[in-house]
file run-v9.cif (mmCIF, C-alpha atoms)
data_run
#
loop_
_atom_site.label_atom_id
_atom_site.label_comp_id
_atom_site.auth_asym_id
_atom_site.auth_seq_id
_atom_site.Cartn_x
_atom_site.Cartn_y
_atom_site.Cartn_z
CA MET A 1 -19.20 -18.14 -12.56
CA LYS A 2 -17.23 -20.89 -10.79
CA LYS A 3 -14.00 -19.73 -12.44
CA PHE A 4 -14.66 -16.15 -11.40
CA LEU A 5 -15.33 -17.17 -7.79
CA ALA A 6 -12.17 -19.30 -7.79
CA ARG A 7 -10.16 -16.31 -9.00
CA VAL A 8 -11.65 -14.12 -6.30
CA ARG A 9 -10.80 -16.77 -3.71
CA TYR A 10 -7.18 -16.92 -4.98
CA ALA A 11 -6.94 -13.13 -4.79
CA LEU A 12 -8.29 -13.18 -1.23
CA GLN A 13 -5.71 -15.82 -0.35
CA GLY A 14 -3.08 -13.42 -1.70
CA TRP A 15 -4.44 -10.68 0.54
CA GLY A 16 -4.39 -13.07 3.49
CA TYR A 17 -0.78 -14.05 2.85
CA PHE A 18 0.28 -10.44 2.37
CA PHE A 19 -1.33 -9.12 5.56
CA ARG A 20 -0.44 -12.16 7.71
CA LYS A 21 3.14 -12.80 6.59
CA GLU A 22 4.56 -9.53 5.28
CA THR A 23 5.73 -7.01 7.88
CA ASN A 24 5.35 -4.13 5.43
CA GLY A 25 1.79 -5.25 4.72
CA GLN A 26 0.99 -5.23 8.43
CA ILE A 27 2.56 -1.81 8.93
CA GLN A 28 0.72 -0.36 5.95
CA ALA A 29 -2.56 -1.88 7.08
CA VAL A 30 -2.17 -0.16 10.47
CA VAL A 31 -1.27 3.14 8.80
CA ALA A 32 -4.27 2.82 6.46
CA LEU A 33 -6.55 2.14 9.43
CA LEU A 34 -5.19 5.19 11.27
CA VAL A 35 -5.74 7.34 8.17
CA VAL A 36 -9.33 6.10 7.88
CA VAL A 37 -9.93 6.91 11.55
CA ALA A 38 -8.40 10.35 11.01
CA GLY A 39 -10.67 10.83 8.02
CA PHE A 40 -13.73 10.26 10.19
CA VAL A 41 -12.39 12.34 13.09
CA PHE A 42 -11.64 15.30 10.83
CA HIS A 43 -14.76 14.86 8.70
CA ILE A 44 -12.89 14.99 5.41
CA SER A 45 -14.94 15.73 2.29
CA ALA A 46 -15.98 13.18 -0.32
CA ASN A 47 -13.30 14.53 -2.64
CA GLU A 48 -10.67 14.16 0.07
CA TRP A 49 -11.86 10.59 0.72
CA LEU A 50 -11.30 9.84 -2.97
CA TRP A 51 -7.70 11.02 -2.71
CA VAL A 52 -7.10 9.14 0.55
CA LEU A 53 -8.56 5.90 -0.81
CA LEU A 54 -6.63 6.26 -4.06
CA CYS A 55 -3.39 6.71 -2.14
CA MET A 56 -4.06 3.77 0.16
CA GLY A 57 -4.96 1.57 -2.79
CA MET A 58 -1.92 2.67 -4.74
CA VAL A 59 0.57 2.05 -1.92
CA LEU A 60 -0.94 -1.27 -0.84
CA SER A 61 -1.23 -2.53 -4.41
CA LEU A 62 2.34 -1.61 -5.26
CA GLU A 63 3.57 -3.22 -2.05
CA MET A 64 1.73 -6.41 -2.98
CA VAL A 65 3.27 -6.36 -6.47
CA ASN A 66 6.67 -5.71 -4.90
CA THR A 67 6.19 -8.72 -2.63
CA ALA A 68 5.23 -10.89 -5.59
CA ILE A 69 8.27 -9.72 -7.59
CA GLU A 70 10.65 -10.29 -4.69
CA THR A 71 9.22 -13.73 -3.94
CA LEU A 72 9.47 -14.81 -7.58
CA ALA A 73 12.96 -13.33 -8.00
CA ASN A 74 14.20 -15.07 -4.84
CA ARG A 75 12.73 -18.37 -6.03
CA LEU A 76 14.15 -18.15 -9.55
CA HIS A 77 17.55 -16.84 -8.52
CA PRO A 78 18.21 -17.48 -4.80
CA GLU A 79 21.84 -16.34 -4.95
CA LYS A 80 22.72 -12.66 -5.30
CA HIS A 81 22.70 -11.37 -8.86
CA PRO A 82 23.08 -7.75 -10.03
CA ASP A 83 20.11 -7.96 -12.43
CA ILE A 84 17.82 -9.40 -9.75
CA LYS A 85 18.96 -6.60 -7.42
CA VAL A 86 17.92 -4.01 -10.02
CA VAL A 87 14.48 -5.62 -10.42
CA LYS A 88 13.90 -5.73 -6.67
CA ASP A 89 15.25 -2.22 -6.11
CA VAL A 90 13.07 -0.72 -8.83
CA ALA A 91 9.97 -2.47 -7.45
CA ALA A 92 10.79 -1.19 -3.96
CA GLY A 93 11.40 2.25 -5.44
CA ALA A 94 7.90 2.24 -6.91
CA VAL A 95 6.47 1.62 -3.45
CA LEU A 96 8.62 4.37 -1.98
CA TRP A 97 7.54 6.83 -4.68
CA ALA A 98 3.86 6.07 -4.10
CA SER A 99 4.38 6.39 -0.35
CA VAL A 100 6.08 9.78 -0.62
CA VAL A 101 3.33 11.11 -2.91
CA SER A 102 0.71 9.70 -0.52
CA VAL A 103 2.32 11.42 2.47
CA ILE A 104 2.34 14.73 0.59
CA ILE A 105 -1.34 14.32 -0.31
CA GLY A 106 -2.11 13.30 3.27
CA LEU A 107 -0.37 16.40 4.59
CA MET A 108 -2.29 18.58 2.15
CA ILE A 109 -5.57 17.11 3.42
CA PHE A 110 -4.92 16.73 7.14
CA LEU A 111 -2.45 19.48 8.04
CA PRO A 112 -4.91 22.35 7.55
CA LYS A 113 -7.49 20.46 9.62
CA LEU A 114 -4.94 19.88 12.39
CA MET A 115 -3.91 23.53 12.34
CA ASP A 116 -7.57 24.63 12.56
CA ARG A 117 -8.02 22.52 15.69
CA TRP A 118 -4.83 23.62 17.41
CA MET A 119 -4.77 27.30 16.48
#
call {"tool": "encode", "arguments": {"input": "run-v9.cif", "output": "structure tokens"}}
result
Amino acid sequence: MKKFLARVRYALQGWGYFFRKETNGQIQAVVALLVVVAGFVFHISANEWLWVLLCMGMVLSLEMVNTAIETLANRLHPEKHPDIKVVKDVAAGAVLWASVVSVIIGLMIFLPKLMDRWM
């Protein structure tokens, strides 16, 4: 049990670093908070909550992995290298892909609700 709790503590330290030090983490935390508020304001369904939470988890998780990859790559190879660039670009691309899909899903959930209120 002690090892498990230590691992949880290390993971929480990772969260702390990510949200305190990484600008993208801070931006995405604010966006996630706004989406949660919007979910309550628009009374989204349980099924819609599942999609919203899945998207938030996917984007935040990939951004954390991207941060880890970039930090490790910068440490192992501080000077510019074409292979390191590919690794970092692909990791960033994964975050972008998840973000685009999440925006599309968010629009599918929230746009009809916005249109109902304004029309």
call {"tool": "closest_residue", "arguments": {"input": "run-v9.cif", "among": "A:Phe42, A:Leu5, A:Ala32, A:Lys21", "to": "A:Asp116", "atoms": "only C-alpha atoms"}}
result
A:Phe42
call {"tool": "closest_atom_pairs", "arguments": {"input": "run-v9.cif", "of": "stretch 28-73 of chain A", "to": "stretch 104-113 of chain A", "cutoff": "8 Å", "atoms": "all atoms listed in the file", "output": "CSV"}}
result
residue,atom,partner,partner_atom,distance
A:Phe42,CA,A:Lys113,CA,6.7
A:Ile44,CA,A:Ile109,CA,7.9
A:Glu48,CA,A:Ile109,CA,6.8
A:Trp51,CA,A:Ile105,CA,7.6
A:Val52,CA,A:Gly106,CA,7.0
call {"tool": "atom_distance", "arguments": {"input": "run-v9.cif", "atom1": "atom CA of A:His81", "atom2": "atom CA of A:Val65"}}
result
20.2 Å
call {"tool": "atom_distance", "arguments": {"input": "run-v9.cif", "atom1": "atom CA of A:Met64", "atom2": "atom CA of A:Val37"}}
result
22.9 Å
call {"tool": "closest_residue", "arguments": {"input": "run-v9.cif", "among": "A:Ala6, A:Val103, A:Leu96, A:Met119", "to": "A:Val35", "atoms": "only C-alpha atoms"}}
result
A:Val103
call {"tool": "closest_residue", "arguments": {"input": "run-v9.cif", "among": "A:Leu34, A:Val8, A:Ala98, A:Val41", "to": "A:Leu114", "atoms": "all atoms listed in the file"}}
result
A:Val41
call {"tool": "closest_residue", "arguments": {"input": "run-v9.cif", "among": "A:Val101, A:Ala29, A:Val90, A:Leu72", "to": "A:Cys55", "atoms": "all atoms listed in the file"}}
result
A:Val101
call {"tool": "atom_distance", "arguments": {"input": "run-v9.cif", "atom1": "atom CA of A:Glu70", "atom2": "atom CA of A:Asp89"}}
result
9.4 Å
call {"tool": "resolve_selection", "arguments": {"input": "run-v9.cif", "expression": "the PyMOL selection byres ((chain A and resi 22) around 12)", "output": "list of chain:residue names"}}
result
A:Gly14, A:Trp15, A:Gly16, A:Tyr17, A:Phe18, A:Phe19, A:Arg20, A:Lys21, A:Thr23, A:Asn24, A:Gly25, A:Gln26, A:Ile27, A:Gln28, A:Ala29, A:Leu60, A:Glu63, A:Met64, A:Asn66, A:Thr67, A:Ala68, A:Glu70, A:Thr71
call {"tool": "build_atoms", "arguments": {"input": "run-v9.cif", "residues": "stretch 6-19 of chain A", "atoms": "N, CA and C atoms", "output": "mmCIF file, in the coordinates of the input"}}
result
data_model
loop_
_atom_site.group_PDB
_atom_site.id
_atom_site.type_symbol
_atom_site.label_atom_id
_atom_site.label_comp_id
_atom_site.auth_asym_id
_atom_site.auth_seq_id
_atom_site.Cartn_x
_atom_site.Cartn_y
_atom_site.Cartn_z
ATOM 1 N N ALA A 6 -13.478 -18.710 -8.124
ATOM 2 C CA ALA A 6 -12.170 -19.300 -7.790
ATOM 3 C C ALA A 6 -11.090 -18.229 -7.860
ATOM 4 N N ARG A 7 -11.154 -17.379 -8.870
ATOM 5 C CA ARG A 7 -10.160 -16.310 -9.000
ATOM 6 C C ARG A 7 -10.261 -15.319 -7.846
ATOM 7 N N VAL A 8 -11.471 -15.009 -7.443
ATOM 8 C CA VAL A 8 -11.650 -14.120 -6.300
ATOM 9 C C VAL A 8 -11.081 -14.770 -5.042
ATOM 10 N N ARG A 9 -11.331 -16.060 -4.876
ATOM 11 C CA ARG A 9 -10.800 -16.770 -3.710
ATOM 12 C C ARG A 9 -9.267 -16.751 -3.717
ATOM 13 N N TYR A 10 -8.643 -16.965 -4.887
ATOM 14 C CA TYR A 10 -7.180 -16.920 -4.980
ATOM 15 C C TYR A 10 -6.661 -15.529 -4.620
ATOM 16 N N ALA A 11 -7.350 -14.503 -5.102
ATOM 17 C CA ALA A 11 -6.940 -13.130 -4.790
ATOM 18 C C ALA A 11 -7.052 -12.871 -3.287
ATOM 19 N N LEU A 12 -8.128 -13.345 -2.676
ATOM 20 C CA LEU A 12 -8.290 -13.180 -1.230
ATOM 21 C C LEU A 12 -7.226 -13.936 -0.452
ATOM 22 N N GLN A 13 -6.811 -15.085 -0.972
ATOM 23 C CA GLN A 13 -5.710 -15.820 -0.350
ATOM 24 C C GLN A 13 -4.420 -15.004 -0.431
ATOM 25 N N GLY A 14 -4.240 -14.307 -1.551
ATOM 26 C CA GLY A 14 -3.080 -13.420 -1.700
ATOM 27 C C GLY A 14 -3.112 -12.296 -0.677
ATOM 28 N N TRP A 15 -4.291 -11.709 -0.498
ATOM 29 C CA TRP A 15 -4.440 -10.680 0.540
ATOM 30 C C TRP A 15 -4.087 -11.256 1.899
ATOM 31 N N GLY A 16 -4.632 -12.434 2.193
ATOM 32 C CA GLY A 16 -4.390 -13.070 3.490
ATOM 33 C C GLY A 16 -2.909 -13.291 3.731
ATOM 34 N N TYR A 17 -2.228 -13.837 2.725
ATOM 35 C CA TYR A 17 -0.780 -14.050 2.850
ATOM 36 C C TYR A 17 -0.073 -12.724 3.108
ATOM 37 N N PHE A 18 -0.394 -11.736 2.284
ATOM 38 C CA PHE A 18 0.280 -10.440 2.370
ATOM 39 C C PHE A 18 0.115 -9.821 3.760
ATOM 40 N N PHE A 19 -1.101 -9.791 4.275
ATOM 41 C CA PHE A 19 -1.330 -9.120 5.560
ATOM 42 C C PHE A 19 -0.913 -9.976 6.757
#
